[in-house]
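Structure file my_file-v2.pdb; described as PDB, C-alpha atoms, pLDDT in the B column.
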```
ATOM      1  CA  MET A  68     -19.719  30.793 -32.603  1.00 85.00           C
ATOM      2  CA  VAL A  69     -16.646  32.557 -31.279  1.00 92.00           C
ATOM      3  CA  GLU A  70     -12.988  31.604 -31.463  1.00 96.00           C
ATOM      4  CA  LEU A  71     -10.607  33.701 -29.381  1.00 97.00           C
ATOM      5  CA  VAL A  72      -6.885  33.334 -30.042  1.00 98.00           C
ATOM      6  CA  ILE A  73      -4.237  35.100 -27.969  1.00 98.00           C
ATOM      7  CA  ASP A  74      -0.785  34.944 -29.533  1.00 97.00           C
ATOM      8  CA  ASN A  75       2.324  35.785 -27.457  1.00 97.00           C
ATOM      9  CA  LEU A  76       0.581  38.611 -25.621  1.00 97.00           C
ATOM     10  CA  SER A  77       2.668  40.877 -23.391  1.00 97.00           C
ATOM     11  CA  LYS A  78       1.885  44.172 -21.708  1.00 97.00           C
ATOM     12  CA  VAL A  79       4.436  46.519 -20.146  1.00 96.00           C
ATOM     13  CA  ILE A  80       3.410  49.629 -18.195  1.00 95.00           C
ATOM     14  CA  ARG A  81       6.096  52.031 -16.936  1.00 94.00           C
ATOM     15  CA  ASN A  82       8.827  49.410 -17.322  1.00 94.00           C
ATOM     16  CA  THR A  83       6.791  46.880 -15.345  1.00 95.00           C
ATOM     17  CA  THR A  84       5.709  43.697 -17.101  1.00 96.00           C
ATOM     18  CA  ILE A  85       2.013  43.129 -16.385  1.00 96.00           C
ATOM     19  CA  LEU A  86       1.355  40.336 -18.893  1.00 97.00           C
ATOM     20  CA  GLU A  87       4.043  38.126 -20.374  1.00 97.00           C
ATOM     21  CA  CYS A  88       4.048  35.693 -23.308  1.00 96.00           C
ATOM     22  CA  ILE A  89       0.425  34.541 -23.099  1.00 97.00           C
ATOM     23  CA  SER A  90      -0.762  32.206 -25.853  1.00 97.00           C
ATOM     24  CA  ILE A  91      -4.123  30.477 -25.508  1.00 97.00           C
ATOM     25  CA  LYS A  92      -7.058  29.499 -27.693  1.00 96.00           C
ATOM     26  CA  LEU A  93     -10.649  29.659 -26.407  1.00 97.00           C
ATOM     27  CA  GLU A  94     -13.891  28.577 -28.048  1.00 96.00           C
ATOM     28  CA  SER A  95     -17.644  28.995 -27.731  1.00 96.00           C
ATOM     29  CA  GLY A  96     -19.767  26.893 -25.438  1.00 96.00           C
ATOM     30  CA  LYS A  97     -17.236  26.745 -22.615  1.00 96.00           C
ATOM     31  CA  ILE A  98     -16.597  28.603 -19.385  1.00 97.00           C
ATOM     32  CA  TYR A  99     -12.960  29.480 -18.755  1.00 97.00           C
ATOM     33  CA  GLY A 100     -11.819  30.347 -15.258  1.00 97.00           C
ATOM     34  CA  LEU A 101      -8.882  32.566 -14.324  1.00 97.00           C
ATOM     35  CA  ARG A 102      -7.211  31.766 -11.009  1.00 96.00           C
ATOM     36  CA  GLY A 103      -4.467  33.776  -9.348  1.00 94.00           C
ATOM     37  CA  LYS A 104      -3.552  36.110  -6.531  1.00 92.00           C
ATOM     38  CA  ASN A 105      -4.132  39.856  -6.667  1.00 91.00           C
ATOM     39  CA  GLY A 106      -1.689  41.356  -9.133  1.00 92.00           C
ATOM     40  CA  SER A 107      -1.252  38.139 -11.100  1.00 95.00           C
ATOM     41  CA  GLY A 108      -2.627  39.754 -14.278  1.00 96.00           C
ATOM     42  CA  LYS A 109      -6.183  38.388 -14.432  1.00 96.00           C
ATOM     43  CA  THR A 110      -7.933  41.747 -14.716  1.00 96.00           C
ATOM     44  CA  MET A 111      -5.390  43.123 -17.165  1.00 97.00           C
ATOM     45  CA  LEU A 112      -5.841  40.075 -19.403  1.00 98.00           C
ATOM     46  CA  MET A 113      -9.590  40.620 -19.338  1.00 98.00           C
ATOM     47  CA  ARG A 114      -9.125  44.257 -20.272  1.00 97.00           C
ATOM     48  CA  ALA A 115      -6.943  43.244 -23.210  1.00 97.00           C
ATOM     49  CA  ILE A 116      -9.537  40.717 -24.416  1.00 98.00           C
ATOM     50  CA  CYS A 117     -12.218  43.430 -24.298  1.00 97.00           C
ATOM     51  CA  GLY A 118     -10.047  45.869 -26.278  1.00 96.00           C
ATOM     52  CA  LEU A 119      -9.707  48.253 -23.341  1.00 96.00           C
ATOM     53  CA  ILE A 120      -5.899  48.166 -23.453  1.00 95.00           C
ATOM     54  CA  ARG A 121      -3.501  47.516 -26.313  1.00 95.00           C
ATOM     55  CA  PRO A 122      -0.752  44.903 -25.965  1.00 96.00           C
ATOM     56  CA  SER A 123       2.902  45.915 -25.992  1.00 96.00           C
ATOM     57  CA  GLU A 124       3.605  42.756 -27.965  1.00 97.00           C
ATOM     58  CA  GLY A 125       1.518  39.982 -29.434  1.00 97.00           C
ATOM     59  CA  LYS A 126      -1.944  39.821 -30.950  1.00 97.00           C
ATOM     60  CA  ILE A 127      -5.521  38.956 -30.050  1.00 98.00           C
ATOM     61  CA  PHE A 128      -7.843  37.528 -32.700  1.00 98.00           C
ATOM     62  CA  ILE A 129     -11.606  37.093 -32.437  1.00 97.00           C
ATOM     63  CA  ASN A 130     -13.015  35.003 -35.277  1.00 97.00           C
ATOM     64  CA  GLY A 131      -9.920  35.840 -37.292  1.00 96.00           C
ATOM     65  CA  GLU A 132     -10.152  39.611 -36.779  1.00 98.00           C
ATOM     66  CA  GLN A 133      -7.272  41.270 -34.939  1.00 97.00           C
ATOM     67  CA  LEU A 134      -8.139  43.539 -32.040  1.00 96.00           C
ATOM     68  CA  GLY A 135      -6.671  46.989 -32.493  1.00 94.00           C
ATOM     69  CA  LYS A 136      -6.258  46.501 -36.243  1.00 96.00           C
ATOM     70  CA  ASP A 137      -9.353  45.009 -37.894  1.00 97.00           C
ATOM     71  CA  ILE A 138     -11.667  45.876 -35.002  1.00 97.00           C
ATOM     72  CA  SER A 139     -11.318  48.183 -32.003  1.00 96.00           C
ATOM     73  CA  PHE A 140     -13.461  46.041 -29.709  1.00 96.00           C
ATOM     74  CA  PRO A 141     -15.049  42.587 -29.913  1.00 96.00           C
ATOM     75  CA  ARG A 142     -18.166  42.754 -32.058  1.00 95.00           C
ATOM     76  CA  SER A 143     -20.369  41.109 -29.446  1.00 96.00           C
ATOM     77  CA  VAL A 144     -19.130  41.367 -25.847  1.00 97.00           C
ATOM     78  CA  GLY A 145     -20.567  41.892 -22.393  1.00 97.00           C
ATOM     79  CA  ALA A 146     -18.214  42.608 -19.523  1.00 97.00           C
ATOM     80  CA  LEU A 147     -18.065  43.338 -15.821  1.00 97.00           C
ATOM     81  CA  ILE A 148     -14.479  44.220 -14.925  1.00 95.00           C
ATOM     82  CA  GLU A 149     -13.631  45.253 -11.362  1.00 88.00           C
ATOM     83  CA  ASN A 150     -16.444  47.315  -9.809  1.00 87.00           C
ATOM     84  CA  PRO A 151     -19.660  48.166 -11.675  1.00 92.00           C
ATOM     85  CA  ALA A 152     -20.090  51.883 -12.362  1.00 92.00           C
ATOM     86  CA  PHE A 153     -23.337  53.609 -13.283  1.00 97.00           C
ATOM     87  CA  ILE A 154     -24.841  57.098 -13.126  1.00 97.00           C
ATOM     88  CA  PRO A 155     -25.605  57.589  -9.401  1.00 97.00           C
ATOM     89  CA  HIS A 156     -28.812  59.631  -9.690  1.00 97.00           C
ATOM     90  CA  TYR A 157     -30.535  57.336 -12.224  1.00 98.00           C
ATOM     91  CA  THR A 158     -32.455  54.140 -11.502  1.00 98.00           C
ATOM     92  CA  GLY A 159     -31.061  50.760 -12.496  1.00 98.00           C
ATOM     93  CA  LEU A 160     -33.532  50.528 -15.375  1.00 98.00           C
ATOM     94  CA  ARG A 161     -32.643  53.975 -16.692  1.00 98.00           C
ATOM     95  CA  ASN A 162     -28.930  53.210 -16.507  1.00 98.00           C
ATOM     96  CA  LEU A 163     -29.349  50.065 -18.590  1.00 98.00           C
ATOM     97  CA  GLN A 164     -31.586  51.872 -21.056  1.00 98.00           C
ATOM     98  CA  ILE A 165     -28.819  54.401 -21.626  1.00 97.00           C
ATOM     99  CA  LEU A 166     -26.255  51.644 -22.152  1.00 96.00           C
ATOM    100  CA  ALA A 167     -28.564  49.766 -24.509  1.00 97.00           C
ATOM    101  CA  SER A 168     -29.113  52.891 -26.616  1.00 96.00           C
ATOM    102  CA  ILE A 169     -25.432  52.889 -27.652  1.00 94.00           C
ATOM    103  CA  GLN A 170     -25.779  49.758 -29.783  1.00 92.00           C
ATOM    104  CA  GLY A 171     -29.548  49.739 -30.192  1.00 93.00           C
ATOM    105  CA  ARG A 172     -29.656  45.940 -30.108  1.00 94.00           C
ATOM    106  CA  VAL A 173     -32.238  45.414 -27.377  1.00 95.00           C
ATOM    107  CA  GLY A 174     -35.451  47.078 -26.262  1.00 95.00           C
ATOM    108  CA  ASN A 175     -37.117  47.698 -22.921  1.00 96.00           C
ATOM    109  CA  ASP A 176     -38.579  44.191 -22.627  1.00 97.00           C
ATOM    110  CA  ARG A 177     -35.164  42.597 -22.867  1.00 97.00           C
ATOM    111  CA  ILE A 178     -33.662  45.131 -20.449  1.00 98.00           C
ATOM    112  CA  ARG A 179     -36.369  44.431 -17.875  1.00 98.00           C
ATOM    113  CA  GLU A 180     -35.931  40.691 -18.348  1.00 97.00           C
ATOM    114  CA  SER A 181     -32.193  40.996 -17.677  1.00 97.00           C
ATOM    115  CA  ILE A 182     -32.794  42.998 -14.496  1.00 98.00           C
ATOM    116  CA  SER A 183     -35.272  40.396 -13.261  1.00 97.00           C
ATOM    117  CA  ARG A 184     -32.893  37.599 -14.187  1.00 96.00           C
ATOM    118  CA  VAL A 185     -30.313  38.830 -11.666  1.00 97.00           C
ATOM    119  CA  GLY A 186     -32.898  39.144  -8.901  1.00 96.00           C
ATOM    120  CA  LEU A 187     -33.647  42.866  -9.104  1.00 97.00           C
ATOM    121  CA  TYR A 188     -36.987  44.612  -9.674  1.00 97.00           C
ATOM    122  CA  PRO A 189     -37.088  46.526 -12.985  1.00 97.00           C
ATOM    123  CA  GLU A 190     -39.516  49.146 -11.692  1.00 96.00           C
ATOM    124  CA  ASP A 191     -37.542  49.893  -8.511  1.00 97.00           C
ATOM    125  CA  LYS A 192     -37.572  53.687  -8.188  1.00 97.00           C
ATOM    126  CA  ARG A 193     -34.468  53.865  -6.020  1.00 97.00           C
ATOM    127  CA  LYS A 194     -31.486  55.632  -7.552  1.00 97.00           C
ATOM    128  CA  TYR A 195     -28.322  53.651  -8.156  1.00 97.00           C
ATOM    129  CA  LYS A 196     -26.531  55.535  -5.369  1.00 97.00           C
ATOM    130  CA  LYS A 197     -29.013  53.984  -2.913  1.00 97.00           C
ATOM    131  CA  TYR A 198     -28.234  50.436  -4.024  1.00 97.00           C
ATOM    132  CA  SER A 199     -26.420  48.037  -1.705  1.00 96.00           C
ATOM    133  CA  LEU A 200     -23.108  46.537  -2.879  1.00 95.00           C
ATOM    134  CA  GLY A 201     -24.880  43.331  -3.808  1.00 96.00           C
ATOM    135  CA  MET A 202     -27.519  45.183  -5.835  1.00 97.00           C
ATOM    136  CA  LYS A 203     -24.807  47.115  -7.675  1.00 97.00           C
ATOM    137  CA  GLN A 204     -23.057  43.855  -8.516  1.00 97.00           C
ATOM    138  CA  ARG A 205     -26.287  42.337  -9.801  1.00 97.00           C
ATOM    139  CA  LEU A 206     -26.953  45.368 -12.011  1.00 98.00           C
ATOM    140  CA  GLY A 207     -23.427  45.088 -13.413  1.00 98.00           C
ATOM    141  CA  ILE A 208     -24.087  41.468 -14.358  1.00 98.00           C
ATOM    142  CA  ALA A 209     -27.416  42.435 -15.931  1.00 98.00           C
ATOM    143  CA  ALA A 210     -25.619  45.033 -18.053  1.00 98.00           C
ATOM    144  CA  ALA A 211     -23.109  42.412 -19.197  1.00 98.00           C
ATOM    145  CA  ILE A 212     -25.710  39.890 -20.338  1.00 97.00           C
ATOM    146  CA  MET A 213     -28.640  42.022 -21.560  1.00 97.00           C
ATOM    147  CA  GLU A 214     -27.554  42.072 -25.222  1.00 97.00           C
ATOM    148  CA  GLU A 215     -26.986  38.290 -25.255  1.00 96.00           C
ATOM    149  CA  PRO A 216     -23.334  38.688 -26.291  1.00 96.00           C
ATOM    150  CA  ASP A 217     -21.233  35.954 -27.861  1.00 97.00           C
ATOM    151  CA  LEU A 218     -18.328  36.778 -25.509  1.00 98.00           C
ATOM    152  CA  VAL A 219     -18.924  37.371 -21.786  1.00 98.00           C
ATOM    153  CA  VAL A 220     -16.126  38.528 -19.453  1.00 98.00           C
ATOM    154  CA  LEU A 221     -16.839  38.655 -15.705  1.00 97.00           C
ATOM    155  CA  ASP A 222     -14.287  39.747 -13.112  1.00 96.00           C
ATOM    156  CA  GLU A 223     -15.223  38.439  -9.638  1.00 95.00           C
ATOM    157  CA  PRO A 224     -18.963  38.248 -10.449  1.00 95.00           C
ATOM    158  CA  ILE A 225     -19.961  36.814  -7.041  1.00 94.00           C
ATOM    159  CA  ASN A 226     -18.382  39.650  -5.029  1.00 92.00           C
ATOM    160  CA  ALA A 227     -20.813  41.049  -2.422  1.00 92.00           C
ATOM    161  CA  LEU A 228     -23.517  38.529  -3.365  1.00 94.00           C
ATOM    162  CA  ASP A 229     -25.479  36.473  -0.877  1.00 94.00           C
ATOM    163  CA  GLU A 230     -26.115  32.746  -1.342  1.00 93.00           C
ATOM    164  CA  LYS A 231     -29.176  33.352  -3.488  1.00 94.00           C
ATOM    165  CA  GLY A 232     -27.237  35.781  -5.670  1.00 94.00           C
ATOM    166  CA  VAL A 233     -24.405  33.291  -6.130  1.00 95.00           C
ATOM    167  CA  GLU A 234     -26.903  30.649  -7.210  1.00 95.00           C
ATOM    168  CA  LEU A 235     -28.370  33.082  -9.750  1.00 96.00           C
ATOM    169  CA  VAL A 236     -24.888  33.690 -11.178  1.00 95.00           C
ATOM    170  CA  ARG A 237     -24.323  29.938 -11.480  1.00 95.00           C
ATOM    171  CA  GLN A 238     -27.576  29.563 -13.397  1.00 96.00           C
ATOM    172  CA  ILE A 239     -26.827  32.553 -15.641  1.00 97.00           C
ATOM    173  CA  LEU A 240     -23.389  31.171 -16.543  1.00 96.00           C
ATOM    174  CA  HIS A 241     -24.883  27.750 -17.233  1.00 95.00           C
ATOM    175  CA  ASP A 242     -27.477  29.345 -19.531  1.00 97.00           C
ATOM    176  CA  LEU A 243     -24.810  31.393 -21.330  1.00 97.00           C
ATOM    177  CA  LYS A 244     -22.749  28.275 -21.957  1.00 96.00           C
ATOM    178  CA  LYS A 245     -25.815  26.375 -23.147  1.00 96.00           C
ATOM    179  CA  SER A 246     -26.612  29.181 -25.589  1.00 96.00           C
ATOM    180  CA  GLY A 247     -23.105  28.871 -27.093  1.00 96.00           C
ATOM    181  CA  ALA A 248     -21.415  31.898 -25.549  1.00 97.00           C
ATOM    182  CA  LEU A 249     -17.721  31.989 -24.718  1.00 98.00           C
ATOM    183  CA  VAL A 250     -17.481  32.892 -21.025  1.00 98.00           C
ATOM    184  CA  ILE A 251     -14.386  34.023 -19.083  1.00 98.00           C
ATOM    185  CA  VAL A 252     -14.622  34.314 -15.302  1.00 97.00           C
ATOM    186  CA  ALA A 253     -12.139  35.372 -12.620  1.00 96.00           C
ATOM    187  CA  CYS A 254     -12.888  34.332  -9.050  1.00 91.00           C
ATOM    188  CA  HIS A 255     -10.850  34.147  -5.826  1.00 86.00           C
ATOM    189  CA  ASP A 256     -12.998  31.321  -4.438  1.00 87.00           C
ATOM    190  CA  LYS A 257     -11.325  28.094  -5.592  1.00 87.00           C
ATOM    191  CA  GLU A 258     -14.330  25.848  -5.016  1.00 90.00           C
ATOM    192  CA  GLU A 259     -16.671  28.278  -6.734  1.00 91.00           C
ATOM    193  CA  LEU A 260     -14.344  28.650  -9.712  1.00 93.00           C
ATOM    194  CA  ASP A 261     -14.150  24.864  -9.989  1.00 92.00           C
ATOM    195  CA  SER A 262     -17.939  24.604  -9.996  1.00 91.00           C
ATOM    196  CA  LEU A 263     -18.405  27.407 -12.521  1.00 92.00           C
ATOM    197  CA  SER A 264     -15.679  26.533 -15.041  1.00 95.00           C
ATOM    198  CA  ASP A 265     -14.861  23.885 -17.614  1.00 96.00           C
ATOM    199  CA  ILE A 266     -11.200  24.856 -17.928  1.00 96.00           C
ATOM    200  CA  ILE A 267      -9.099  26.876 -15.482  1.00 96.00           C
ATOM    201  CA  PHE A 268      -5.966  28.895 -16.238  1.00 97.00           C
ATOM    202  CA  THR A 269      -3.668  29.683 -13.334  1.00 96.00           C
ATOM    203  CA  MET A 270      -1.858  33.011 -13.533  1.00 96.00           C
ATOM    204  CA  GLU A 271       1.277  34.107 -11.699  1.00 96.00           C
ATOM    205  CA  ALA A 272       3.236  37.308 -12.280  1.00 95.00           C
ATOM    206  CA  GLY A 273       1.507  37.996 -15.592  1.00 96.00           C
ATOM    207  CA  ARG A 274       2.024  34.514 -17.028  1.00 97.00           C
ATOM    208  CA  ILE A 275      -0.278  31.538 -17.428  1.00 96.00           C
ATOM    209  CA  THR A 276       1.526  28.806 -15.538  1.00 96.00           C
ATOM    210  CA  ALA A 277      -1.012  25.987 -15.786  1.00 93.00           C
ATOM    211  CA  GLN A 278      -4.155  24.909 -17.614  1.00 93.00           C
ATOM    212  CA  GLU A 279      -6.426  22.251 -16.176  1.00 92.00           C
ATOM    213  CA  ALA A 280      -9.924  20.902 -16.470  1.00 90.00           C
ATOM    214  CA  ALA A 281     -11.983  21.962 -13.475  1.00 79.00           C
ATOM    215  CA  ALA A 282     -12.469  19.402 -10.724  1.00 72.00           C
ATOM    216  CA  SER A 283     -16.236  19.916 -11.031  1.00 62.00           C
ATOM    217  CA  PRO A 284     -16.785  21.280 -14.547  1.00 60.00           C
ATOM    218  CA  SER A 285     -19.910  23.307 -15.233  1.00 61.00           C
ATOM    219  CA  ASP A 286     -21.574  20.501 -17.182  1.00 57.00           C
ATOM    220  CA  GLY A 287     -21.184  18.209 -14.195  1.00 45.00           C
ATOM    221  CA  ILE A 288     -18.771  15.798 -15.897  1.00 37.00           C
ATOM    222  CA  GLY A 289     -15.581  15.173 -13.994  1.00 35.00           C
ATOM    223  CA  ILE A 290     -12.313  15.340 -15.947  1.00 32.00           C
ATOM    224  CA  SER A 291      -8.780  15.152 -14.669  1.00 31.00           C
ATOM    225  CA  CYS A 292      -5.914  16.568 -16.677  1.00 32.00           C
ATOM    226  CA  VAL A 293      -3.234  19.179 -16.243  1.00 34.00           C
ATOM    227  CA  ALA A 294      -1.371  20.854 -19.092  1.00 37.00           C
ATOM    228  CA  HIS A 295       2.328  21.592 -18.899  1.00 37.00           C
ATOM    229  CA  PRO A 296       2.827  25.313 -18.117  1.00 40.00           C
ATOM    230  CA  LYS A 297       4.532  25.895 -21.482  1.00 40.00           C
ATOM    231  CA  GLU A 298       1.482  24.458 -23.253  1.00 43.00           C
ATOM    232  CA  ALA A 299      -0.828  26.689 -21.251  1.00 49.00           C
ATOM    233  CA  GLY A 300       0.986  29.965 -21.432  1.00 51.00           C
ATOM    234  CA  GLY A 301       3.065  29.585 -24.521  1.00 50.00           C
ATOM    235  CA  ALA A 302       6.531  30.990 -24.943  1.00 51.00           C
ATOM    236  CA  CYS A 303       7.582  34.211 -26.581  1.00 68.00           C
ATOM    237  CA  ASP A 304       9.600  33.890 -29.739  1.00 53.00           C
ATOM    238  CA  ALA A 305      13.295  34.190 -29.142  1.00 43.00           C
TER     239      ALA A 305
END
```
Any chance you could put this one into structure tokens?
Amino acid sequence: MVELVIDNLSKVIRNTTILECISIKLESGKIYGLRGKNGSGKTMLMRAICGLIRPSEGKIFINGEQLGKDISFPRSVGALIENPAFIPHYTGLRNLQILASIQGRVGNDRIRESISRVGLYPEDKRKYKKYSLGMKQRLGIAAAIMEEPDLVVLDEPINALDEKGVELVRQILHDLKKSGALVIVACHDKEELDSLSDIIFTMEAGRITAQEAAASPSDGIGISCVAHPKEAGGACDA
């Protein structure tokens, strides 16, 4: 089980406010969608949650442990943020083997299973540099899920995917939710985000301006409610 609490989070880079006064609480077994235009702060918020940037103000807690103080990174996280990046002259399998060796949590069987799960062939001898954009995206998703993390963060996971690939992503997210993971997804496609998510946060200019249950939540149960922007994004202490 994972509980993620973001308390009055703000991030300023070169006198420009990127994130402002974000306060939300997320829990396991749900898929949270992030909606917003380019530059609204979605990717930066994901980076903060993964411990890749430090907030200028505010705190992030994962199961009561503060990021940047008690822990440097979430203890169990898989992420695909922006474009996947791997060693160009290695195969997909070899790239994931190298990543897996850092934590030592999974072996070759699990790595191969993850590659197959996203619709790739584990024994493909092609180097990563020969992969199509869709294949690269699939490998990035495989890397994010192969260690069965408690927290999964995916930035535009259906980019460059064909219809079959999108369906695979839907099934993977459903399985992650069913297993009790906390999943955060950013997606430009409104209908797709509605179908993937249980709860959607709308972001504008670095703030969360609304929180609503998805029109077609991932468990298939329709809910209709919209939170007041102040409830969704919180307000910084005066």
Find, counting only C-alpha atoms, the residue in A:Ser143, A:Asn175, A:Ser107, A:Gln164 that gets nearest to A:Gly273. A:Ser107
Chain and number of each residue from the PyMOL selection byres ((chain A and resi 120-134) around 7), as a list in words: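 Applying the expression gives Val69, Glu70, Leu71, Val72, Ile73, Asp74, Asn75, Leu76, Ser77, Lys78, Val79, Arg114, Ala115, Gly118, Leu119, Gly135, Lys136, Asp137, Ile138, Ser139, Phe140 and Pro141 of chain A.
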For the residues in the current selection, export C-alpha atoms as a CSV table (one decimal), keeping the file's coordinate frame.
```
chain,number,residue,atom,x,y,z
A,69,VAL,CA,-16.6,32.6,-31.3
A,70,GLU,CA,-13.0,31.6,-31.5
A,71,LEU,CA,-10.6,33.7,-29.4
A,72,VAL,CA,-6.9,33.3,-30.0
A,73,ILE,CA,-4.2,35.1,-28.0
A,74,ASP,CA,-0.8,34.9,-29.5
A,75,ASN,CA,2.3,35.8,-27.5
A,76,LEU,CA,0.6,38.6,-25.6
A,77,SER,CA,2.7,40.9,-23.4
A,78,LYS,CA,1.9,44.2,-21.7
A,79,VAL,CA,4.4,46.5,-20.1
A,114,ARG,CA,-9.1,44.3,-20.3
A,115,ALA,CA,-6.9,43.2,-23.2
A,118,GLY,CA,-10.0,45.9,-26.3
A,119,LEU,CA,-9.7,48.3,-23.3
A,135,GLY,CA,-6.7,47.0,-32.5
A,136,LYS,CA,-6.3,46.5,-36.2
A,137,ASP,CA,-9.4,45.0,-37.9
A,138,ILE,CA,-11.7,45.9,-35.0
A,139,SER,CA,-11.3,48.2,-32.0
A,140,PHE,CA,-13.5,46.0,-29.7
A,141,PRO,CA,-15.0,42.6,-29.9
```
Which value, in Å to one decimal, gives the distance between atom CA of A:Ile267 and atom CA of A:Leu243?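 So the answer is 17.4 Å.
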Distance table requested - stretch 123-173 of chain A against stretch 185-199 of chain A, cut-off 6 Å, only C-alpha atoms: one row per qualifying residue with the closest atom pair and its distance in Å to one decimal, ordered by chain and rising residue number, as JSON lines.
```
{"residue": "A:Pro155", "atom": "CA", "partner": "A:Lys196", "partner_atom": "CA", "distance": 4.6}
{"residue": "A:His156", "atom": "CA", "partner": "A:Lys194", "partner_atom": "CA", "distance": 5.3}
{"residue": "A:Tyr157", "atom": "CA", "partner": "A:Lys194", "partner_atom": "CA", "distance": 5.1}
{"residue": "A:Thr158", "atom": "CA", "partner": "A:Lys194", "partner_atom": "CA", "distance": 4.3}
{"residue": "A:Gly159", "atom": "CA", "partner": "A:Tyr195", "partner_atom": "CA", "distance": 5.9}
{"residue": "A:Leu160", "atom": "CA", "partner": "A:Pro189", "partner_atom": "CA", "distance": 5.9}
```
For atom CA of A:Gly96 and atom CA of A:Ile208, the interatomic separation in Å (one decimal):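 Taking atom CA of A:Gly96 as the start and atom CA of A:Ile208 as the end point, the length is 18.8 Å.
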Using all atoms listed in the file, what residues lie at most 8 Å away from (-8.4, 34.1, -16.0) (file coordinates), given as number ranges by chain? A: 99-103, 109-110, 112-113, 251-253, 267-270
Same residues, C-alpha atoms, saved as a PDB file, keeping the file's coordinate frame:
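Once everything was written out, this is result-v1.pdb:
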```
ATOM      1  CA  TYR A  99     -12.960  29.480 -18.755  1.00 97.00           C
ATOM      2  CA  GLY A 100     -11.819  30.347 -15.258  1.00 97.00           C
ATOM      3  CA  LEU A 101      -8.882  32.566 -14.324  1.00 97.00           C
ATOM      4  CA  ARG A 102      -7.211  31.766 -11.009  1.00 96.00           C
ATOM      5  CA  GLY A 103      -4.467  33.776  -9.348  1.00 94.00           C
ATOM      6  CA  LYS A 109      -6.183  38.388 -14.432  1.00 96.00           C
ATOM      7  CA  THR A 110      -7.933  41.747 -14.716  1.00 96.00           C
ATOM      8  CA  LEU A 112      -5.841  40.075 -19.403  1.00 98.00           C
ATOM      9  CA  MET A 113      -9.590  40.620 -19.338  1.00 98.00           C
ATOM     10  CA  ILE A 251     -14.386  34.023 -19.083  1.00 98.00           C
ATOM     11  CA  VAL A 252     -14.622  34.314 -15.302  1.00 97.00           C
ATOM     12  CA  ALA A 253     -12.139  35.372 -12.620  1.00 96.00           C
ATOM     13  CA  ILE A 267      -9.099  26.876 -15.482  1.00 96.00           C
ATOM     14  CA  PHE A 268      -5.966  28.895 -16.238  1.00 97.00           C
ATOM     15  CA  THR A 269      -3.668  29.683 -13.334  1.00 96.00           C
ATOM     16  CA  MET A 270      -1.858  33.011 -13.533  1.00 96.00           C
TER      17      MET A 270
END
```
Which residue out of A:Glu214, A:Ala209, A:Val219, A:Glu149 has the minimum interatomic distance to A:Gly171 when all atoms listed in the file are used?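 Closest candidate: A:Glu214.
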Counting all atoms listed in the file, which residues have an atom no more than 6 Å from (-14.8, 42.0, -18.4) in the file's coordinates? Please list them as number ranges by chain. A: 113, 146-148, 220-222
Nearest to A:Asp176, chosen from A:Ser90, A:Gly207, A:Thr276, A:Met213, with all atoms listed in the file counted in the distances: A:Met213
Provide the atom CA of A:Lys245 to atom CA of A:Ser183 distance in Å, to one decimal place. 19.6 Å
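Residue nearest A:Arg179, chosen from A:Gln204, A:Thr84, A:Pro151, A:Ile212 and counting only C-alpha atoms: A:Ile212.
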Nearest candidate to A:Cys117 (options A:Ile169, A:Leu218, A:Leu249, A:Leu200; using only C-alpha atoms):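 Ranking A:Ile169, A:Leu218, A:Leu249, A:Leu200 by distance to A:Cys117, first place goes to A:Leu218.
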If we count all atoms listed in the file, what is near A:Lys244 at a cut-off of 12 Å, once residues fewer than 2 positions away on the same chain are taken out, given as a PDB file with C-alpha atoms, in the coordinates of the input?
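Wrote it out as around-v9.pdb, contents follow:
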```pdb
ATOM      1  CA  MET A  68     -19.719  30.793 -32.603  1.00 85.00           C
ATOM      2  CA  VAL A  69     -16.646  32.557 -31.279  1.00 92.00           C
ATOM      3  CA  GLU A  94     -13.891  28.577 -28.048  1.00 96.00           C
ATOM      4  CA  SER A  95     -17.644  28.995 -27.731  1.00 96.00           C
ATOM      5  CA  GLY A  96     -19.767  26.893 -25.438  1.00 96.00           C
ATOM      6  CA  LYS A  97     -17.236  26.745 -22.615  1.00 96.00           C
ATOM      7  CA  ILE A  98     -16.597  28.603 -19.385  1.00 97.00           C
ATOM      8  CA  TYR A  99     -12.960  29.480 -18.755  1.00 97.00           C
ATOM      9  CA  GLU A 215     -26.986  38.290 -25.255  1.00 96.00           C
ATOM     10  CA  PRO A 216     -23.334  38.688 -26.291  1.00 96.00           C
ATOM     11  CA  ASP A 217     -21.233  35.954 -27.861  1.00 97.00           C
ATOM     12  CA  LEU A 218     -18.328  36.778 -25.509  1.00 98.00           C
ATOM     13  CA  VAL A 219     -18.924  37.371 -21.786  1.00 98.00           C
ATOM     14  CA  ARG A 237     -24.323  29.938 -11.480  1.00 95.00           C
ATOM     15  CA  GLN A 238     -27.576  29.563 -13.397  1.00 96.00           C
ATOM     16  CA  ILE A 239     -26.827  32.553 -15.641  1.00 97.00           C
ATOM     17  CA  LEU A 240     -23.389  31.171 -16.543  1.00 96.00           C
ATOM     18  CA  HIS A 241     -24.883  27.750 -17.233  1.00 95.00           C
ATOM     19  CA  ASP A 242     -27.477  29.345 -19.531  1.00 97.00           C
ATOM     20  CA  SER A 246     -26.612  29.181 -25.589  1.00 96.00           C
ATOM     21  CA  GLY A 247     -23.105  28.871 -27.093  1.00 96.00           C
ATOM     22  CA  ALA A 248     -21.415  31.898 -25.549  1.00 97.00           C
ATOM     23  CA  LEU A 249     -17.721  31.989 -24.718  1.00 98.00           C
ATOM     24  CA  VAL A 250     -17.481  32.892 -21.025  1.00 98.00           C
ATOM     25  CA  ILE A 251     -14.386  34.023 -19.083  1.00 98.00           C
ATOM     26  CA  LEU A 263     -18.405  27.407 -12.521  1.00 92.00           C
ATOM     27  CA  SER A 264     -15.679  26.533 -15.041  1.00 95.00           C
ATOM     28  CA  ASP A 265     -14.861  23.885 -17.614  1.00 96.00           C
ATOM     29  CA  PRO A 284     -16.785  21.280 -14.547  1.00 60.00           C
ATOM     30  CA  SER A 285     -19.910  23.307 -15.233  1.00 61.00           C
ATOM     31  CA  ASP A 286     -21.574  20.501 -17.182  1.00 57.00           C
TER      32      ASP A 286
END
```
